[in-house]
Protein chains: 2
Amino acid sequence: MREASEGRETALLALEARFGTQFSRGAALREQHGHGEGYHLSHEPDAVLFAESTEDVSAALALCHEHSLPVVAFGGGTSLEGQVNALEGGISLDLSRMTSIIEVNAADLDCRVQAGVTRQALNLHLRDEGLFFPVDPGGEATIGGMCATRASGTAAVRYGTIRENVLGMTVVLADGRVTQLGGRTRKSATGYDLAHLMIGSEGTLGIVTEIQLRLQGIPEVTAAAICQFETLGGCVEAAIQIMQMGIPIARMELLDEVQMEACILYSRLEGYRALPTMFFEVSGGPDSVNEQISAIEGLCQDNGGADFLWSTRDDERAALWKARHAVYWACLAYRQGHIGISTDAIVPISALTAMILGAKQDIDASGLVAPIVGHIGDGNFHTVMLVPPGEAGLERARALDHKLVARALSLGGSASGEHGIGLAKKAFMGAEHDPVALDIMRAIKATLDPRNILNPGKLLPEP
Amino acid sequence: MREASEGRETALLALEARFGTQFSRGAALREQHGHGEGYHLSHEPDAVLFAESTEDVSAALALCHEHSLPVVAFGGGTSLEGQVNALEGGISLDLSRMTSIIEVNAADLDCRVQAGVTRQALNLHLRDEGLFFPVDPGGEATIGGMCATRASGTAAVRYGTIRENVLGMTVVLADGRVTQLGGRTRKSATGYDLAHLMIGSEGTLGIVTEIQLRLQGIPEVTAAAICQFETLGGCVEAAIQIMQMGIPIARMELLDEVQMEACILYSRLEGYRALPTMFFEVSGGPDSVNEQISAIEGLCQDNGGADFLWSTRDDERAALWKARHAVYWACLAYRQGHIGISTDAIVPISALTAMILGAKQDIDASGLVAPIVGHIGDGNFHTVMLVPPGEAGLERARALDHKLVARALSLGGSASGEHGIGLAKKAFMGAEHDPVALDIMRAIKATLDPRNILNPGKLLPEP
């Protein structure tokens, strides 16, 4: 922890002088910017600065660099692993006012947006053009924040994560210099891939202010289906076979029997049982959709799937997926008065049955209730740990979270599929990456941010 | 150019002592390792070392680092921009004996290979499992070399480039340290994306010795189609609409009228005219394939496409695509006694008509014949410049190549879609990337290779 010092006060005064009403030391704003949506303690910044342009970010970073003042970028505040906590104070640089959709190129299926645009706002804007942006983490995440955390979501199985959907970006470096990384073309082979080095760097290497995104055409037909299985293993085997057949599945989500029970109660799903359940979405031309549905149905039946229900009607499809998207609220209703804390890990799909059965043992041993939901095509899964209020409950939740990650790593997996490292998972960086890889990361960090002002204390464990 | 020195001789002797018959200073091997398949002068290494394992590469690099001896990694020798030329001598580190396919995980759709495995060998191995690896540059490229140059090919429009198909890799750093970057999971959000920093770094940051690749299931049905257009603009407009409709086109290639004339003569294509022509490949279930073909046919007709011929028969499909894959030989036959030199550039697809019409003016002005072929869905195109023997012809070819790249950059494009920078395109790095981005690249290079032994003189222009 850096000490508040005379130098720090000088820096804050200089920022206030430069930015006027865009700069605030108000208690409410500082509190709001001290944490994301995870369960970590709050770490408040000394001040909040609302950037309105790349020039603002550049000027702010130049000043912060001069005075070695820490800077934490802040977008929607929806990150889950403590990414936005201001561990060492300094300023929270809020980009949520940078909401301009700079251009949409329908012919090229791309667009350029400021970092504070949310995915929801972008998709609303795109709808009339018959286009959409497919990366869908939960929450009102901003595109800049999604880049920072290497976000993904339910559509990654078809369209990839944010990484596969960014063509280029404008980045401000620690010392305020502005650079364009990547470009507008769908691919390029001209030098080091710096745009993708920034993606997932959680604001520790630079601050992304504009992003060039790939877009997709809205498919002609979209259909939804649900299938319930006697066993979890049946779900996983069906999912493996669907992937192997090359079916271009749009979404494929697993809910375990506990999660289904919570959803049945909360979303009043009639006629369903508390069994492992798969939610599917397929899209394309009408014949292609019928063919996919038929193939999926066959593979589900081969693996012990029972009634297979599907619909291309918008209202029915919306009702099914509404239940999927409401899992967090269903969980909270399932144990009233508890808080819900999401875990995140990923394994090769062949290890998913062992992973989830092991996770259930870990959950039982913890004494917590923790329904499981998974982006099964990617091998990525979450539990929502339902935690009674108080430090003892939180302690059990932290222990369970760590146990699940350790189990994923032991199965050839990764400590995070999509929520990132932040503050909470630094301890796992050394378990997942070898010392040489960590050395390279530290060397790159030291090269790009020699004064360690960009989100200090995050992502990289101490040597 | 570094001087041959006593220190260099010491290093070579130490390598010879360590590696015995894997090490050679033979003239023929040195000549063979001094160039790729491009048209650049040869730059011979002092010696060639055949690595057979990651340990070999590590031991070799540790020795080279100790003695500051340059090292150029060599795979299939198929690169086109001078990537493997040993500009400053030293050793050519040949990985082509590292041909082990270490594991194939059918359930996870992934595999692990040594760097010297060619894509052809891998696909032969995978065929019986119903799987394939989709990245298909021309030539007998190795997977390691494809990572180094960020290769792609005709299937990138559907499956992405090598970048989107690598999950993880083993890399040896300049000083001989070995590290694992990335992993086995389909996605991950745990730290800086070092595996993708290595991809496209052309052997200047580390040497890739093993690669974890994503695989695809072989589709049930594959169909091919050809359509000829009155105008180039009609081709491009049809391609844009096919992309916008979200048709999961497997391949979509453009041949201009000059290229078609060469192909008609060489591959004896009956019934075709020398017009701008599109070659399509679609795949999936039978209904999906029919639906895609029907949609593509409609869009082609809307844009002035004439007879639309398609087939799902293996022999007919093979004949059509054989003609596409033979374009280089068709070009050589078209101007006998000339050499064929491929160019490479990429633009946003909306700029492709302007780009190609401009390219034709540039070609006419050059006095060369240069048929055009393009991965049209990506906006990436090549010309095969047919160059009379002699320095004057080469000079005209170089000038035309540079003119085409400059035109692509002026249209928002990139200097290379898939062939990379190497020696030949360093001059364009400063035109495409701003000085800050180049500074970052140089800083990363200096951090990872402080003695500048890894492929010195390539990719990064002098400051």
# chains A, B, ... in the order shown; residues from 1 in each chain; ligands from 1
>>> residues_around(residues="Asn380 (chain B)", least_positions_apart="4", cutoff="9 Å", atoms="only C-alpha atoms", output="mmCIF file with C-alpha atoms, in the first residue's frame")
data_model
loop_
_atom_site.group_PDB
_atom_site.id
_atom_site.type_symbol
_atom_site.label_atom_id
_atom_site.label_comp_id
_atom_site.auth_asym_id
_atom_site.auth_seq_id
_atom_site.Cartn_x
_atom_site.Cartn_y
_atom_site.Cartn_z
ATOM 1 C CA THR A 185 -9.212 -5.972 -41.624
ATOM 2 C CA ARG A 186 -10.536 -9.404 -40.670
ATOM 3 C CA LYS A 187 -6.999 -10.710 -40.299
ATOM 4 C CA ASP B 344 -0.250 -10.317 -50.421
ATOM 5 C CA ALA B 345 -2.459 -7.554 -49.045
ATOM 6 C CA ILE B 346 -5.835 -7.218 -47.361
ATOM 7 C CA VAL B 347 -8.534 -4.556 -47.155
ATOM 8 C CA PRO B 348 -11.981 -4.286 -45.576
ATOM 9 C CA ILE B 349 -14.223 -6.140 -47.999
ATOM 10 C CA LEU B 352 -12.129 -4.693 -52.361
ATOM 11 C CA VAL B 373 -6.817 -14.501 -56.797
ATOM 12 C CA GLY B 374 -8.502 -13.565 -53.557
ATOM 13 C CA HIS B 375 -9.837 -15.004 -50.313
ATOM 14 C CA ILE B 376 -12.734 -12.674 -50.958
ATOM 15 C CA SER B 416 -0.132 -8.551 -45.224
ATOM 16 C CA GLY B 417 -3.113 -10.809 -44.768
ATOM 17 C CA GLU B 418 -1.151 -14.000 -44.288
#
>>> residues_around(residues="Leu254 (chain A)", least_positions_apart="2", cutoff="9 Å", atoms="only C-alpha atoms", output="PyMOL selection string")
chain A and resi 235-236+252+256+276-279+372-376+381
>>> closest_atom_pairs(of="region 282-367 of chain A", to="region 19-39 of chain A", cutoff="9 Å", atoms="only C-alpha atoms", output="Markdown table")
| residue | atom | partner | partner_atom | distance |
| --- | --- | --- | --- | --- |
| A:Gly340 | CA | A:Tyr39 | CA | 8.9 |
| A:Ile341 | CA | A:Tyr39 | CA | 6.7 |
| A:Ser342 | CA | A:Gly38 | CA | 7.9 |
>>> write_last_selection(atoms="N, CA and C atoms", output="PDB file, in the first residue's frame")
ATOM      1  N   GLY A 340     -25.461 -14.467  -3.141  1.00  0.00           N
ATOM      2  CA  GLY A 340     -25.040 -15.373  -4.211  1.00  0.00           C
ATOM      3  C   GLY A 340     -23.674 -14.967  -4.729  1.00  0.00           C
ATOM      4  N   ILE A 341     -22.745 -15.883  -4.716  1.00  0.00           N
ATOM      5  CA  ILE A 341     -21.382 -15.597  -5.180  1.00  0.00           C
ATOM      6  C   ILE A 341     -21.038 -16.572  -6.294  1.00  0.00           C
ATOM      7  N   SER A 342     -20.673 -16.033  -7.447  1.00  0.00           N
ATOM      8  CA  SER A 342     -20.416 -16.885  -8.608  1.00  0.00           C
ATOM      9  C   SER A 342     -18.965 -17.361  -8.635  1.00  0.00           C
TER      10      SER A 342
END
>>> select_by_dssp(residues="region 185-430 of chain B", states="helix (DSSP H, G or I)", output="ChimeraX atom specification")
/B:194-198,232-244,257-267,286-302,314-325,327-334,349-366,376-378,391-410,426-430
>>> atom_distance(atom1="CA of Val72 (chain B)", atom2="CA of Ala14 (chain B)")
17.6 Å
>>> atom_distance(atom1="CA of Val117 (chain A)", atom2="CA of Ile421 (chain A)")
23.0 Å
>>> select_by_dssp(residues="region 2-162 of chain B", states="strand (DSSP E or B)", output="ChimeraX atom specification")
/B:23-24,47-50,71-74,91-94,101-105,110-114,118,131-132,142
>>> atom_distance(atom1="CA of Gly145 (chain B)", atom2="CA of Gly89 (chain B)")
19.6 Å
>>> closest_residue(among="A:Ser68, A:Gln212, A:Asn85, A:Ser58", to="Ala115 (chain A)", atoms="only C-alpha atoms")
A:Gln212
>>> closest_residue(among="B:His40, B:Arg150, B:Arg8, B:Arg335", to="Thr190 (chain A)", atoms="only C-alpha atoms")
B:Arg150
>>> closest_residue(among="A:Glu395, A:Glu291, A:Asp439, A:Asp128", to="chain B", atoms="only C-alpha atoms")
A:Glu291
>>> closest_residue(among="B:Ala351, B:Ile264, B:Val84, B:Leu122", to="Tyr334 (chain B)", atoms="only C-alpha atoms")
B:Ile264
>>> residues_around(residues="Met146 (chain A)", least_positions_apart="3", cutoff="12 Å", atoms="only C-alpha atoms", output="mmCIF file with N, CA and C atoms, in the first residue's frame")
data_model
loop_
_atom_site.group_PDB
_atom_site.id
_atom_site.type_symbol
_atom_site.label_atom_id
_atom_site.label_comp_id
_atom_site.auth_asym_id
_atom_site.auth_seq_id
_atom_site.Cartn_x
_atom_site.Cartn_y
_atom_site.Cartn_z
ATOM 1 N N PHE A 74 -12.463 2.027 -14.959
ATOM 2 C CA PHE A 74 -13.777 1.598 -14.473
ATOM 3 C C PHE A 74 -14.784 1.736 -15.604
ATOM 4 N N GLY A 75 -15.532 0.658 -15.885
ATOM 5 C CA GLY A 75 -16.513 0.707 -16.970
ATOM 6 C C GLY A 75 -17.909 0.571 -16.411
ATOM 7 N N GLY A 76 -18.483 -0.636 -16.497
ATOM 8 C CA GLY A 76 -19.812 -0.865 -15.959
ATOM 9 C C GLY A 76 -19.789 -1.252 -14.479
ATOM 10 N N GLY A 77 -18.601 -1.514 -13.953
ATOM 11 C CA GLY A 77 -18.504 -1.931 -12.556
ATOM 12 C C GLY A 77 -19.065 -3.322 -12.320
ATOM 13 N N THR A 78 -19.089 -4.146 -13.371
ATOM 14 C CA THR A 78 -19.723 -5.460 -13.250
ATOM 15 C C THR A 78 -18.733 -6.608 -13.076
ATOM 16 N N SER A 79 -17.456 -6.315 -12.991
ATOM 17 C CA SER A 79 -16.482 -7.407 -12.881
ATOM 18 C C SER A 79 -16.642 -8.112 -11.536
ATOM 19 N N LEU A 80 -16.214 -9.356 -11.491
ATOM 20 C CA LEU A 80 -16.557 -10.224 -10.360
ATOM 21 C C LEU A 80 -15.370 -10.615 -9.494
ATOM 22 N N GLN A 83 -11.555 -6.695 -9.948
ATOM 23 C CA GLN A 83 -10.717 -5.971 -10.919
ATOM 24 C C GLN A 83 -10.721 -4.457 -10.731
ATOM 25 N N ALA A 115 -15.198 3.030 -25.466
ATOM 26 C CA ALA A 115 -15.084 1.936 -24.492
ATOM 27 C C ALA A 115 -16.270 1.835 -23.546
ATOM 28 N N GLY A 116 -17.009 2.931 -23.357
ATOM 29 C CA GLY A 116 -18.096 2.910 -22.387
ATOM 30 C C GLY A 116 -19.423 2.420 -22.929
ATOM 31 N N VAL A 117 -19.468 2.081 -24.217
ATOM 32 C CA VAL A 117 -20.704 1.543 -24.796
ATOM 33 C C VAL A 117 -20.966 0.165 -24.189
ATOM 34 N N THR A 118 -22.194 -0.074 -23.750
ATOM 35 C CA THR A 118 -22.515 -1.414 -23.247
ATOM 36 C C THR A 118 -22.914 -2.305 -24.426
ATOM 37 N N ARG A 119 -22.807 -3.617 -24.200
ATOM 38 C CA ARG A 119 -23.199 -4.530 -25.279
ATOM 39 C C ARG A 119 -24.688 -4.396 -25.584
ATOM 40 N N VAL A 135 -21.011 -11.251 -28.269
ATOM 41 C CA VAL A 135 -20.404 -11.602 -26.979
ATOM 42 C C VAL A 135 -21.303 -11.109 -25.848
ATOM 43 N N ASP A 136 -21.730 -12.014 -24.971
ATOM 44 C CA ASP A 136 -22.798 -11.702 -24.021
ATOM 45 C C ASP A 136 -22.509 -12.139 -22.589
ATOM 46 N N PRO A 137 -21.556 -11.498 -21.918
ATOM 47 C CA PRO A 137 -21.414 -11.778 -20.483
ATOM 48 C C PRO A 137 -22.677 -11.281 -19.779
ATOM 49 N N GLY A 138 -22.897 -11.728 -18.581
ATOM 50 C CA GLY A 138 -24.024 -11.199 -17.823
ATOM 51 C C GLY A 138 -23.770 -9.742 -17.467
ATOM 52 N N GLY A 139 -24.813 -9.061 -17.048
ATOM 53 C CA GLY A 139 -24.630 -7.706 -16.547
ATOM 54 C C GLY A 139 -24.514 -6.675 -17.646
ATOM 55 N N GLU A 140 -24.582 -5.413 -17.221
ATOM 56 C CA GLU A 140 -24.478 -4.297 -18.164
ATOM 57 C C GLU A 140 -23.011 -3.954 -18.346
ATOM 58 N N ALA A 141 -22.276 -4.910 -18.907
ATOM 59 C CA ALA A 141 -20.840 -4.708 -19.088
ATOM 60 C C ALA A 141 -20.584 -3.739 -20.240
ATOM 61 N N THR A 142 -19.497 -2.978 -20.129
ATOM 62 C CA THR A 142 -19.090 -2.126 -21.245
ATOM 63 C C THR A 142 -18.122 -2.904 -22.141
ATOM 64 N N ILE A 143 -18.039 -2.480 -23.404
ATOM 65 C CA ILE A 143 -17.137 -3.158 -24.335
ATOM 66 C C ILE A 143 -15.683 -3.016 -23.850
ATOM 67 N N THR A 149 -11.264 -7.754 -19.323
ATOM 68 C CA THR A 149 -11.363 -9.026 -18.599
ATOM 69 C C THR A 149 -11.404 -10.242 -19.524
ATOM 70 N N ARG A 150 -11.283 -10.031 -20.814
ATOM 71 C CA ARG A 150 -11.402 -11.124 -21.803
ATOM 72 C C ARG A 150 -12.721 -11.879 -21.581
ATOM 73 N N ALA A 151 -13.808 -11.135 -21.666
ATOM 74 C CA ALA A 151 -15.132 -11.665 -21.356
ATOM 75 C C ALA A 151 -15.642 -12.586 -22.457
ATOM 76 N N SER A 152 -16.605 -13.431 -22.084
ATOM 77 C CA SER A 152 -17.302 -14.200 -23.105
ATOM 78 C C SER A 152 -18.762 -14.381 -22.684
ATOM 79 N N GLY A 153 -19.284 -15.597 -22.645
ATOM 80 C CA GLY A 153 -20.696 -15.761 -22.304
ATOM 81 C C GLY A 153 -21.285 -16.954 -23.022
ATOM 82 N N THR A 161 -14.954 -15.645 -28.006
ATOM 83 C CA THR A 161 -14.982 -14.677 -26.909
ATOM 84 C C THR A 161 -14.736 -13.280 -27.479
ATOM 85 N N ILE A 162 -14.607 -12.303 -26.605
ATOM 86 C CA ILE A 162 -14.298 -10.947 -27.064
ATOM 87 C C ILE A 162 -12.996 -10.949 -27.880
ATOM 88 N N ARG A 163 -12.079 -11.841 -27.536
ATOM 89 C CA ARG A 163 -10.795 -11.884 -28.236
ATOM 90 C C ARG A 163 -10.964 -12.125 -29.727
ATOM 91 N N ASN A 165 -13.451 -11.354 -31.445
ATOM 92 C CA ASN A 165 -14.370 -10.385 -32.029
ATOM 93 C C ASN A 165 -13.859 -8.951 -32.004
ATOM 94 N N VAL A 166 -12.595 -8.779 -31.636
ATOM 95 C CA VAL A 166 -11.971 -7.453 -31.684
ATOM 96 C C VAL A 166 -10.979 -7.419 -32.836
ATOM 97 N N MET A 198 -3.418 -6.720 -25.066
ATOM 98 C CA MET A 198 -4.207 -5.850 -24.179
ATOM 99 C C MET A 198 -5.454 -6.562 -23.656
ATOM 100 N N ILE A 199 -6.037 -7.420 -24.516
ATOM 101 C CA ILE A 199 -7.285 -8.087 -24.122
ATOM 102 C C ILE A 199 -7.005 -9.088 -23.004
ATOM 103 N N GLY A 200 -7.676 -8.894 -21.891
ATOM 104 C CA GLY A 200 -7.447 -9.751 -20.726
ATOM 105 C C GLY A 200 -6.389 -9.216 -19.789
ATOM 106 N N SER A 201 -5.844 -8.027 -20.080
ATOM 107 C CA SER A 201 -4.774 -7.513 -19.217
ATOM 108 C C SER A 201 -5.335 -6.689 -18.055
ATOM 109 N N GLU A 202 -6.652 -6.583 -17.961
ATOM 110 C CA GLU A 202 -7.332 -6.023 -16.786
ATOM 111 C C GLU A 202 -6.823 -4.633 -16.412
ATOM 112 N N GLY A 203 -6.565 -3.829 -17.412
ATOM 113 C CA GLY A 203 -6.179 -2.443 -17.139
ATOM 114 C C GLY A 203 -4.785 -2.283 -16.571
ATOM 115 N N VAL A 208 -7.972 0.942 -22.724
ATOM 116 C CA VAL A 208 -8.616 0.878 -24.034
ATOM 117 C C VAL A 208 -9.700 1.948 -24.087
ATOM 118 N N ILE A 211 -12.805 0.716 -29.610
ATOM 119 C CA ILE A 211 -12.644 -0.663 -30.059
ATOM 120 C C ILE A 211 -13.328 -0.851 -31.419
ATOM 121 N N LEU A 213 -14.926 -3.602 -33.627
ATOM 122 C CA LEU A 213 -15.507 -4.923 -33.351
ATOM 123 C C LEU A 213 -15.997 -5.595 -34.615
ATOM 124 N N GLU A 418 -13.788 -16.931 -17.889
ATOM 125 C CA GLU A 418 -14.280 -15.646 -18.399
ATOM 126 C C GLU A 418 -14.373 -14.539 -17.372
ATOM 127 N N HIS A 419 -14.220 -14.832 -16.096
ATOM 128 C CA HIS A 419 -14.322 -13.761 -15.096
ATOM 129 C C HIS A 419 -12.988 -13.083 -14.806
ATOM 130 N N GLY A 420 -11.891 -13.735 -15.159
ATOM 131 C CA GLY A 420 -10.578 -13.128 -14.989
ATOM 132 C C GLY A 420 -9.960 -13.373 -13.608
ATOM 133 N N ALA B 189 -9.169 -16.872 -19.124
ATOM 134 C CA ALA B 189 -9.036 -15.441 -18.830
ATOM 135 C C ALA B 189 -8.070 -15.268 -17.666
#
>>> closest_residue(among="A:Ala225, A:Ile444, A:Val48, A:Leu61", to="Ala174 (chain A)", atoms="only C-alpha atoms")
A:Leu61
>>> closest_residue(among="B:Leu131, B:Ile207, B:Ala86, B:Leu13", to="chain A", atoms="only C-alpha atoms")
B:Leu131
>>> residues_around(residues="Ala106 (chain B)", least_positions_apart="5", cutoff="10 Å", atoms="only C-alpha atoms", output="MDAnalysis selection string")
(chainID A and resid 240:241 244 350) or (chainID B and resid 111 126 129:131 215:217)
>>> residues_around(residues="His65 (chain B)", least_positions_apart="2", cutoff="12 Å", atoms="only C-alpha atoms", output="VMD selection string")
chain B and resid 7 to 8 11 15 57 to 63 67 to 71 90 to 91 172 to 177 448 to 454
>>> write_last_selection(atoms="C-alpha atoms", output="short mmCIF file (atom, residue, chain, number, x, y, z; two decimals), in the first residue's frame")
data_model
loop_
_atom_site.label_atom_id
_atom_site.label_comp_id
_atom_site.auth_asym_id
_atom_site.auth_seq_id
_atom_site.Cartn_x
_atom_site.Cartn_y
_atom_site.Cartn_z
CA GLY B 7 33.63 -15.96 -30.62
CA ARG B 8 31.37 -17.14 -33.40
CA ALA B 11 30.04 -21.08 -30.53
CA LEU B 15 27.24 -26.63 -30.97
CA VAL B 57 16.12 -26.37 -29.00
CA SER B 58 16.67 -25.30 -25.41
CA ALA B 59 20.28 -26.49 -25.36
CA ALA B 60 20.99 -24.85 -28.71
CA LEU B 61 19.50 -21.52 -27.69
CA ALA B 62 21.32 -21.50 -24.36
CA LEU B 63 24.62 -21.91 -26.23
CA HIS B 67 27.86 -16.58 -27.47
CA SER B 68 25.42 -14.06 -29.02
CA LEU B 69 25.11 -16.26 -32.09
CA PRO B 70 22.09 -15.54 -34.35
CA VAL B 71 19.45 -18.27 -34.67
CA GLY B 90 24.60 -17.90 -37.32
CA ILE B 91 22.61 -21.12 -37.30
CA VAL B 172 11.87 -21.85 -25.95
CA LEU B 173 13.06 -18.33 -25.11
CA ALA B 174 16.23 -16.72 -26.43
CA ASP B 175 18.22 -17.82 -23.37
CA GLY B 176 17.06 -21.43 -23.59
CA ARG B 177 14.36 -21.31 -20.93
CA LEU B 448 12.54 -11.15 -24.50
CA ASP B 449 15.68 -11.24 -26.63
CA PRO B 450 18.14 -8.76 -25.11
CA ARG B 451 21.06 -9.98 -27.22
CA ASN B 452 19.03 -9.86 -30.43
CA ILE B 453 19.92 -13.39 -31.48
CA LEU B 454 16.45 -14.51 -32.60
#
